[in-house]
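Listing of run_14.tsv; format and content: TSV, N, CA and C atoms.
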```
chain	number	residue	atom	x	y	z
A	694	MET	N	22.08	138.39	14.57
A	694	MET	CA	20.70	138.84	14.58
A	694	MET	C	19.83	137.72	14.00
A	695	ASP	N	18.69	137.49	14.60
A	695	ASP	CA	17.74	136.48	14.14
A	695	ASP	C	17.31	136.82	12.71
A	696	ASP	N	17.24	135.79	11.84
A	696	ASP	CA	16.95	136.00	10.42
A	696	ASP	C	15.62	136.71	10.20
A	697	VAL	N	14.58	136.29	10.91
A	697	VAL	CA	13.26	136.92	10.72
A	697	VAL	C	13.32	138.39	11.15
A	698	TYR	N	13.92	138.65	12.31
A	698	TYR	CA	14.04	140.02	12.80
A	698	TYR	C	14.87	140.87	11.84
A	699	GLU	N	15.96	140.29	11.34
A	699	GLU	CA	16.83	141.02	10.42
A	699	GLU	C	16.10	141.38	9.13
A	700	ILE	N	15.42	140.42	8.55
A	700	ILE	CA	14.69	140.67	7.31
A	700	ILE	C	13.56	141.67	7.55
A	701	THR	N	12.89	141.57	8.67
A	701	THR	CA	11.82	142.52	8.99
A	701	THR	C	12.37	143.94	9.08
A	702	LEU	N	13.51	144.10	9.75
A	702	LEU	CA	14.12	145.43	9.82
A	702	LEU	C	14.54	145.91	8.44
A	703	LEU	N	15.17	145.04	7.67
A	703	LEU	CA	15.59	145.42	6.32
A	703	LEU	C	14.38	145.82	5.48
A	704	MET	N	13.28	145.10	5.65
A	704	MET	CA	12.05	145.44	4.92
A	704	MET	C	11.52	146.81	5.34
A	705	ASP	N	11.60	147.11	6.64
A	705	ASP	CA	11.14	148.41	7.11
A	705	ASP	C	11.93	149.55	6.46
A	706	PHE	N	13.21	149.34	6.31
A	706	PHE	CA	14.06	150.40	5.77
A	706	PHE	C	14.10	150.42	4.25
A	707	TYR	N	14.15	149.26	3.62
A	707	TYR	CA	14.40	149.20	2.18
A	707	TYR	C	13.30	148.49	1.38
A	708	GLY	N	12.27	148.02	2.02
A	708	GLY	CA	11.26	147.22	1.33
A	708	GLY	C	10.66	147.90	0.12
A	709	GLN	N	10.46	149.19	0.20
A	709	GLN	CA	9.84	149.90	-0.92
A	709	GLN	C	10.76	150.02	-2.14
A	710	LEU	N	12.02	149.63	-1.97
A	710	LEU	CA	12.96	149.66	-3.09
A	710	LEU	C	12.98	148.33	-3.85
A	711	LEU	N	12.30	147.33	-3.33
A	711	LEU	CA	12.16	146.05	-4.02
A	711	LEU	C	11.08	146.17	-5.08
A	712	THR	N	11.00	145.16	-5.96
A	712	THR	CA	9.86	145.16	-6.88
A	712	THR	C	8.60	144.94	-6.04
A	713	GLU	N	7.49	145.34	-6.58
A	713	GLU	CA	6.23	145.18	-5.85
A	713	GLU	C	5.97	143.71	-5.50
A	714	ARG	N	6.28	142.82	-6.43
A	714	ARG	CA	6.06	141.39	-6.22
A	714	ARG	C	7.00	140.84	-5.14
A	715	GLN	N	8.29	141.21	-5.19
A	715	GLN	CA	9.23	140.77	-4.16
A	715	GLN	C	8.78	141.25	-2.78
A	716	PHE	N	8.39	142.52	-2.70
A	716	PHE	CA	7.93	143.06	-1.43
A	716	PHE	C	6.73	142.26	-0.92
A	717	GLN	N	5.78	142.03	-1.79
A	717	GLN	CA	4.56	141.31	-1.41
A	717	GLN	C	4.89	139.91	-0.90
A	718	ILE	N	5.75	139.19	-1.60
A	718	ILE	CA	6.08	137.81	-1.23
A	718	ILE	C	6.86	137.78	0.07
A	719	ILE	N	7.86	138.63	0.21
A	719	ILE	CA	8.66	138.65	1.44
A	719	ILE	C	7.80	139.08	2.62
A	720	ASP	N	6.93	140.03	2.40
A	720	ASP	CA	6.02	140.48	3.46
A	720	ASP	C	5.10	139.33	3.90
A	721	MET	N	4.56	138.62	2.94
A	721	MET	CA	3.67	137.50	3.28
A	721	MET	C	4.43	136.43	4.06
A	722	HIS	N	5.67	136.18	3.68
A	722	HIS	CA	6.44	135.12	4.31
A	722	HIS	C	6.93	135.51	5.71
A	723	TYR	N	7.52	136.70	5.83
A	723	TYR	CA	8.13	137.09	7.11
A	723	TYR	C	7.18	137.80	8.07
A	724	ASN	N	6.32	138.66	7.55
A	724	ASN	CA	5.43	139.40	8.43
A	724	ASN	C	4.10	138.69	8.70
A	725	ASN	N	3.64	137.91	7.72
A	725	ASN	CA	2.38	137.20	7.89
A	725	ASN	C	2.58	135.71	8.16
A	726	ASP	N	3.84	135.28	8.18
A	726	ASP	CA	4.22	133.91	8.53
A	726	ASP	C	3.54	132.86	7.64
A	727	LEU	N	3.40	133.17	6.36
A	727	LEU	CA	2.83	132.21	5.43
A	727	LEU	C	3.93	131.32	4.87
A	728	SER	N	3.60	130.07	4.62
A	728	SER	CA	4.58	129.14	4.04
A	728	SER	C	4.73	129.43	2.55
A	729	LEU	N	5.76	128.84	1.95
A	729	LEU	CA	5.96	129.02	0.51
A	729	LEU	C	4.76	128.49	-0.26
A	730	GLY	N	4.21	127.35	0.19
A	730	GLY	CA	3.04	126.78	-0.48
A	730	GLY	C	1.82	127.67	-0.38
A	731	GLU	N	1.61	128.27	0.79
A	731	GLU	CA	0.45	129.17	0.97
A	731	GLU	C	0.59	130.41	0.09
A	732	ILE	N	1.80	130.94	0.03
A	732	ILE	CA	2.03	132.12	-0.82
A	732	ILE	C	1.82	131.75	-2.28
A	733	ALA	N	2.36	130.60	-2.69
A	733	ALA	CA	2.20	130.14	-4.07
A	733	ALA	C	0.73	130.00	-4.43
A	734	ASP	N	-0.05	129.41	-3.53
A	734	ASP	CA	-1.49	129.26	-3.77
A	734	ASP	C	-2.18	130.61	-3.88
A	735	ASN	N	-1.84	131.55	-2.98
A	735	ASN	CA	-2.47	132.88	-3.00
A	735	ASN	C	-2.15	133.66	-4.26
A	736	LEU	N	-0.95	133.48	-4.79
A	736	LEU	CA	-0.52	134.27	-5.95
A	736	LEU	C	-0.56	133.50	-7.26
A	737	ASN	N	-1.00	132.24	-7.19
A	737	ASN	CA	-1.07	131.39	-8.39
A	737	ASN	C	0.28	131.28	-9.10
A	738	ILE	N	1.32	131.04	-8.32
A	738	ILE	CA	2.64	130.80	-8.87
A	738	ILE	C	3.20	129.54	-8.21
A	739	SER	N	4.34	129.09	-8.70
A	739	SER	CA	4.93	127.87	-8.13
A	739	SER	C	5.65	128.18	-6.82
A	740	ARG	N	5.84	127.13	-6.01
A	740	ARG	CA	6.63	127.27	-4.78
A	740	ARG	C	8.05	127.71	-5.13
A	741	GLN	N	8.57	127.19	-6.24
A	741	GLN	CA	9.92	127.57	-6.66
A	741	GLN	C	9.97	129.05	-7.00
A	742	GLY	N	8.92	129.56	-7.62
A	742	GLY	CA	8.86	130.98	-7.93
A	742	GLY	C	8.87	131.83	-6.66
A	743	VAL	N	8.15	131.37	-5.64
A	743	VAL	CA	8.13	132.06	-4.35
A	743	VAL	C	9.52	132.03	-3.73
A	744	HIS	N	10.12	130.85	-3.72
A	744	HIS	CA	11.45	130.68	-3.15
A	744	HIS	C	12.46	131.60	-3.85
A	745	ASP	N	12.44	131.61	-5.17
A	745	ASP	CA	13.38	132.44	-5.94
A	745	ASP	C	13.18	133.93	-5.65
A	746	SER	N	11.92	134.33	-5.55
A	746	SER	CA	11.62	135.73	-5.28
A	746	SER	C	12.12	136.14	-3.89
A	747	ILE	N	11.93	135.28	-2.91
A	747	ILE	CA	12.42	135.56	-1.56
A	747	ILE	C	13.93	135.65	-1.56
A	748	LYS	N	14.57	134.69	-2.23
A	748	LYS	CA	16.03	134.66	-2.28
A	748	LYS	C	16.58	135.93	-2.94
A	749	LYS	N	16.04	136.30	-4.08
A	749	LYS	CA	16.50	137.51	-4.79
A	749	LYS	C	16.20	138.77	-3.97
A	750	GLY	N	15.05	138.80	-3.34
A	750	GLY	CA	14.69	139.96	-2.51
A	750	GLY	C	15.62	140.13	-1.33
A	751	LYS	N	15.95	139.01	-0.67
A	751	LYS	CA	16.87	139.06	0.47
A	751	LYS	C	18.26	139.52	0.03
A	752	ILE	N	18.70	139.05	-1.13
A	752	ILE	CA	19.99	139.50	-1.66
A	752	ILE	C	19.96	141.00	-1.89
A	753	GLN	N	18.88	141.49	-2.48
A	753	GLN	CA	18.76	142.93	-2.75
A	753	GLN	C	18.71	143.74	-1.45
A	754	LEU	N	17.98	143.25	-0.46
A	754	LEU	CA	17.91	143.95	0.83
A	754	LEU	C	19.28	144.03	1.49
A	755	ASN	N	20.00	142.91	1.47
A	755	ASN	CA	21.34	142.89	2.07
A	755	ASN	C	22.31	143.78	1.31
A	756	LYS	N	22.19	143.82	-0.01
A	756	LYS	CA	23.03	144.69	-0.83
A	756	LYS	C	22.77	146.16	-0.49
A	757	LEU	N	21.51	146.51	-0.34
A	757	LEU	CA	21.17	147.88	0.04
A	757	LEU	C	21.73	148.24	1.41
A	758	GLU	N	21.65	147.30	2.34
A	758	GLU	CA	22.19	147.54	3.68
A	758	GLU	C	23.71	147.71	3.63
A	759	GLN	N	24.38	146.91	2.82
A	759	GLN	CA	25.83	147.04	2.69
A	759	GLN	C	26.21	148.40	2.12
A	760	GLU	N	25.42	148.89	1.19
A	760	GLU	CA	25.71	150.17	0.55
A	760	GLU	C	25.33	151.37	1.42
A	761	LEU	N	24.20	151.27	2.12
A	761	LEU	CA	23.68	152.42	2.85
A	761	LEU	C	23.87	152.34	4.37
A	762	GLY	N	23.81	151.15	4.92
A	762	GLY	CA	24.06	150.94	6.35
A	762	GLY	C	23.04	151.56	7.29
A	763	LEU	N	21.82	151.76	6.84
A	763	LEU	CA	20.82	152.40	7.69
A	763	LEU	C	20.40	151.54	8.87
A	764	VAL	N	20.27	150.25	8.66
A	764	VAL	CA	19.84	149.36	9.75
A	764	VAL	C	20.94	149.26	10.81
A	765	SER	N	22.19	149.15	10.37
A	765	SER	CA	23.27	149.05	11.36
A	765	SER	C	23.39	150.33	12.17
A	766	ARG	N	23.22	151.47	11.52
A	766	ARG	CA	23.25	152.74	12.27
A	766	ARG	C	22.08	152.84	13.22
A	767	PHE	N	20.91	152.41	12.77
A	767	PHE	CA	19.72	152.43	13.62
A	767	PHE	C	19.93	151.57	14.86
A	768	THR	N	20.41	150.34	14.68
A	768	THR	CA	20.60	149.46	15.83
A	768	THR	C	21.70	149.97	16.74
A	769	LYS	N	22.76	150.53	16.17
A	769	LYS	CA	23.84	151.09	16.98
A	769	LYS	C	23.34	152.25	17.82
A	770	HIS	N	22.61	153.15	17.22
A	770	HIS	CA	22.08	154.31	17.96
A	770	HIS	C	21.05	153.90	19.01
A	771	THR	N	20.23	152.92	18.67
A	771	THR	CA	19.24	152.44	19.63
A	771	THR	C	19.92	151.85	20.86
A	772	LYS	N	20.94	151.04	20.64
A	772	LYS	CA	21.66	150.43	21.77
A	772	LYS	C	22.35	151.49	22.62
A	773	LYS	N	22.95	152.49	21.99
A	773	LYS	CA	23.60	153.56	22.75
A	773	LYS	C	22.59	154.33	23.58
A	774	LEU	N	21.47	154.68	22.99
A	774	LEU	CA	20.44	155.41	23.72
A	774	LEU	C	19.87	154.59	24.87
A	775	GLU	N	19.67	153.30	24.64
A	775	GLU	CA	19.18	152.43	25.72
A	775	GLU	C	20.20	152.35	26.84
A	776	GLY	N	21.49	152.32	26.48
A	776	GLY	CA	22.55	152.33	27.50
A	776	GLY	C	22.54	153.61	28.31
A	777	ILE	N	22.37	154.74	27.65
A	777	ILE	CA	22.29	156.03	28.33
A	777	ILE	C	21.08	156.06	29.26
A	778	TYR	N	19.96	155.56	28.77
A	778	TYR	CA	18.74	155.51	29.57
A	778	TYR	C	18.96	154.67	30.83
A	779	ASP	N	19.61	153.52	30.69
A	779	ASP	CA	19.88	152.66	31.85
A	779	ASP	C	20.78	153.36	32.87
A	780	ILE	N	21.78	154.08	32.39
A	780	ILE	CA	22.68	154.81	33.28
A	780	ILE	C	21.92	155.89	34.04
A	781	ILE	N	21.05	156.59	33.35
A	781	ILE	CA	20.23	157.63	33.99
A	781	ILE	C	19.38	157.01	35.10
A	782	ARG	N	18.78	155.86	34.82
A	782	ARG	CA	17.94	155.19	35.82
A	782	ARG	C	18.78	154.78	37.04
A	783	GLU	N	20.01	154.34	36.82
A	783	GLU	CA	20.90	153.98	37.92
A	783	GLU	C	21.27	155.20	38.75
A	784	ILE	N	21.61	156.29	38.09
A	784	ILE	CA	22.01	157.52	38.79
A	784	ILE	C	20.86	158.04	39.64
A	785	LYS	N	19.64	157.94	39.13
A	785	LYS	CA	18.48	158.45	39.86
A	785	LYS	C	18.25	157.72	41.17
A	786	ARG	N	18.77	156.51	41.30
A	786	ARG	CA	18.61	155.74	42.54
A	786	ARG	C	19.65	156.13	43.58
A	787	GLU	N	20.56	157.02	43.26
A	787	GLU	CA	21.70	157.29	44.13
A	787	GLU	C	21.50	158.46	45.10
A	788	GLY	N	20.32	158.83	45.42
A	788	GLY	CA	20.08	159.87	46.42
A	788	GLY	C	20.61	161.24	46.01
A	789	LEU	N	20.14	161.75	44.93
A	789	LEU	CA	20.55	163.07	44.45
A	789	LEU	C	19.63	164.15	45.02
A	790	THR	N	20.05	165.39	44.85
A	790	THR	CA	19.20	166.50	45.28
A	790	THR	C	18.00	166.59	44.36
A	791	ASN	N	16.98	167.31	44.80
A	791	ASN	CA	15.80	167.50	43.97
A	791	ASN	C	16.14	168.16	42.64
A	792	GLU	N	17.03	169.15	42.69
A	792	GLU	CA	17.43	169.86	41.47
A	792	GLU	C	18.14	168.90	40.49
A	793	GLN	N	19.00	168.06	41.02
A	793	GLN	CA	19.71	167.10	40.17
A	793	GLN	C	18.72	166.08	39.58
A	794	ASN	N	17.79	165.64	40.38
A	794	ASN	CA	16.78	164.70	39.89
A	794	ASN	C	15.90	165.34	38.82
A	795	GLU	N	15.57	166.62	38.98
A	795	GLU	CA	14.76	167.31	37.97
A	795	GLU	C	15.51	167.40	36.65
A	796	LYS	N	16.81	167.69	36.73
A	796	LYS	CA	17.62	167.75	35.50
A	796	LYS	C	17.70	166.38	34.84
A	797	LEU	N	17.88	165.36	35.67
A	797	LEU	CA	17.93	164.00	35.11
A	797	LEU	C	16.59	163.60	34.51
A	798	ASP	N	15.49	164.05	35.10
A	798	ASP	CA	14.16	163.78	34.55
A	798	ASP	C	14.04	164.33	33.13
A	799	VAL	N	14.59	165.53	32.91
A	799	VAL	CA	14.54	166.15	31.59
A	799	VAL	C	15.37	165.32	30.60
A	800	VAL	N	16.57	164.94	31.02
A	800	VAL	CA	17.43	164.13	30.15
A	800	VAL	C	16.79	162.78	29.88
A	801	GLU	N	16.26	162.15	30.92
A	801	GLU	CA	15.60	160.85	30.77
A	801	GLU	C	14.44	160.94	29.80
A	802	SER	N	13.64	161.97	29.93
A	802	SER	CA	12.49	162.15	29.04
A	802	SER	C	12.95	162.33	27.60
A	803	SER	N	14.02	163.10	27.40
A	803	SER	CA	14.54	163.32	26.05
A	803	SER	C	15.06	162.03	25.44
A	804	VAL	N	15.79	161.25	26.22
A	804	VAL	CA	16.33	159.98	25.72
A	804	VAL	C	15.20	159.03	25.39
A	805	LYS	N	14.20	158.97	26.27
A	805	LYS	CA	13.05	158.09	26.04
A	805	LYS	C	12.35	158.49	24.74
A	806	GLU	N	12.20	159.78	24.50
A	806	GLU	CA	11.57	160.27	23.29
A	806	GLU	C	12.39	159.91	22.06
A	807	LEU	N	13.71	160.04	22.14
A	807	LEU	CA	14.59	159.68	21.03
A	807	LEU	C	14.48	158.20	20.70
A	808	ILE	N	14.45	157.36	21.72
A	808	ILE	CA	14.32	155.91	21.50
A	808	ILE	C	12.99	155.62	20.81
A	809	LYS	N	11.93	156.25	21.27
A	809	LYS	CA	10.61	156.03	20.70
A	809	LYS	C	10.57	156.49	19.24
A	810	ASP	N	11.26	157.59	18.93
A	810	ASP	CA	11.24	158.14	17.59
A	810	ASP	C	12.08	157.35	16.58
A	811	LEU	N	13.00	156.52	17.08
A	811	LEU	CA	13.84	155.74	16.16
A	811	LEU	C	13.06	154.76	15.41
```
Could you render the structure as structure tokens?
Amino acid sequence: MDDVYEITLLMDFYGQLLTERQFQIIDMHYNNDLSLGEIADNLNISRQGVHDSIKKGKIQLNKLEQELGLVSRFTKHTKKLEGIYDIIREIKREGLTNEQNEKLDVVESSVKELIKDL
């Protein structure tokens, strides 16, 4: 998984469990794409302080994921639902009866809603 994407997901799930300062710094770096120098200037701290905070925050986020596994379950379920959705789309192209297509429409709609809700 791409580092930025991974940290962003971890922040979505566990960010509020970090210290307020760690959350703020990691958010500025990964979500707002600010450099260490820009963050240091904005917060009146050293670049090293920013770097250390990001490093400690990432360690904490990964530790939480190892203990709770919410991100891995989320990505696993999302992939499975997307696979089911793709299969439904393939089946719908196979010349089914109107009744069968209506039933598949209901299933497709439910799967689409589940994916959206994740």
Padding 5 Å on every side, please: axis-aligned box over the listed atoms of segment 765-782 of chain A, centre and edge lengths to one decimal in Å, as JSON.
```
{"center_x": 20.9, "center_y": 153.3, "center_z": 23.7, "size_x": 15.9, "size_y": 18.6, "size_z": 36.7}
```
For atom N of Ile752 of chain A and atom CA of Asp695 of chain A, quote the distance in Å rounded to one decimal.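 These atoms are spaced 15.5 Å apart.
Proximity ranking of A:Tyr778, A:Phe706, A:Tyr698, A:Phe767 relative to Tyr723 of chain A places A:Tyr698 first, based on all atoms listed in the file.
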Between atom C of Leu729 of chain A and atom C of Glu758 of chain A, what distance in Å does the model show, to one decimal?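 So the answer is 27.3 Å.
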Nearest to Glu775 of chain A among A:Leu789, A:Val804, A:Val799, A:Ile718, with distances taken over all atoms listed in the file: which residue is it?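 Distance minimum relative to Glu775 of chain A lands on A:Val804.
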Please indicate the distance in Å from atom CA of Ser803 of chain A to atom CA of Ile780 of chain A, rounded to one decimal place.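 We find that atom CA of Ser803 of chain A and atom CA of Ile780 of chain A lie 13.8 Å from each other.
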Can you pull out every residue from chain A that DSSP, working from the backbone, puts in alpha helix (DSSP H), and format the result as a VMD selection string? chain A and resid 696 to 707 713 to 719 729 to 736 740 to 761 763 to 785 791 to 810
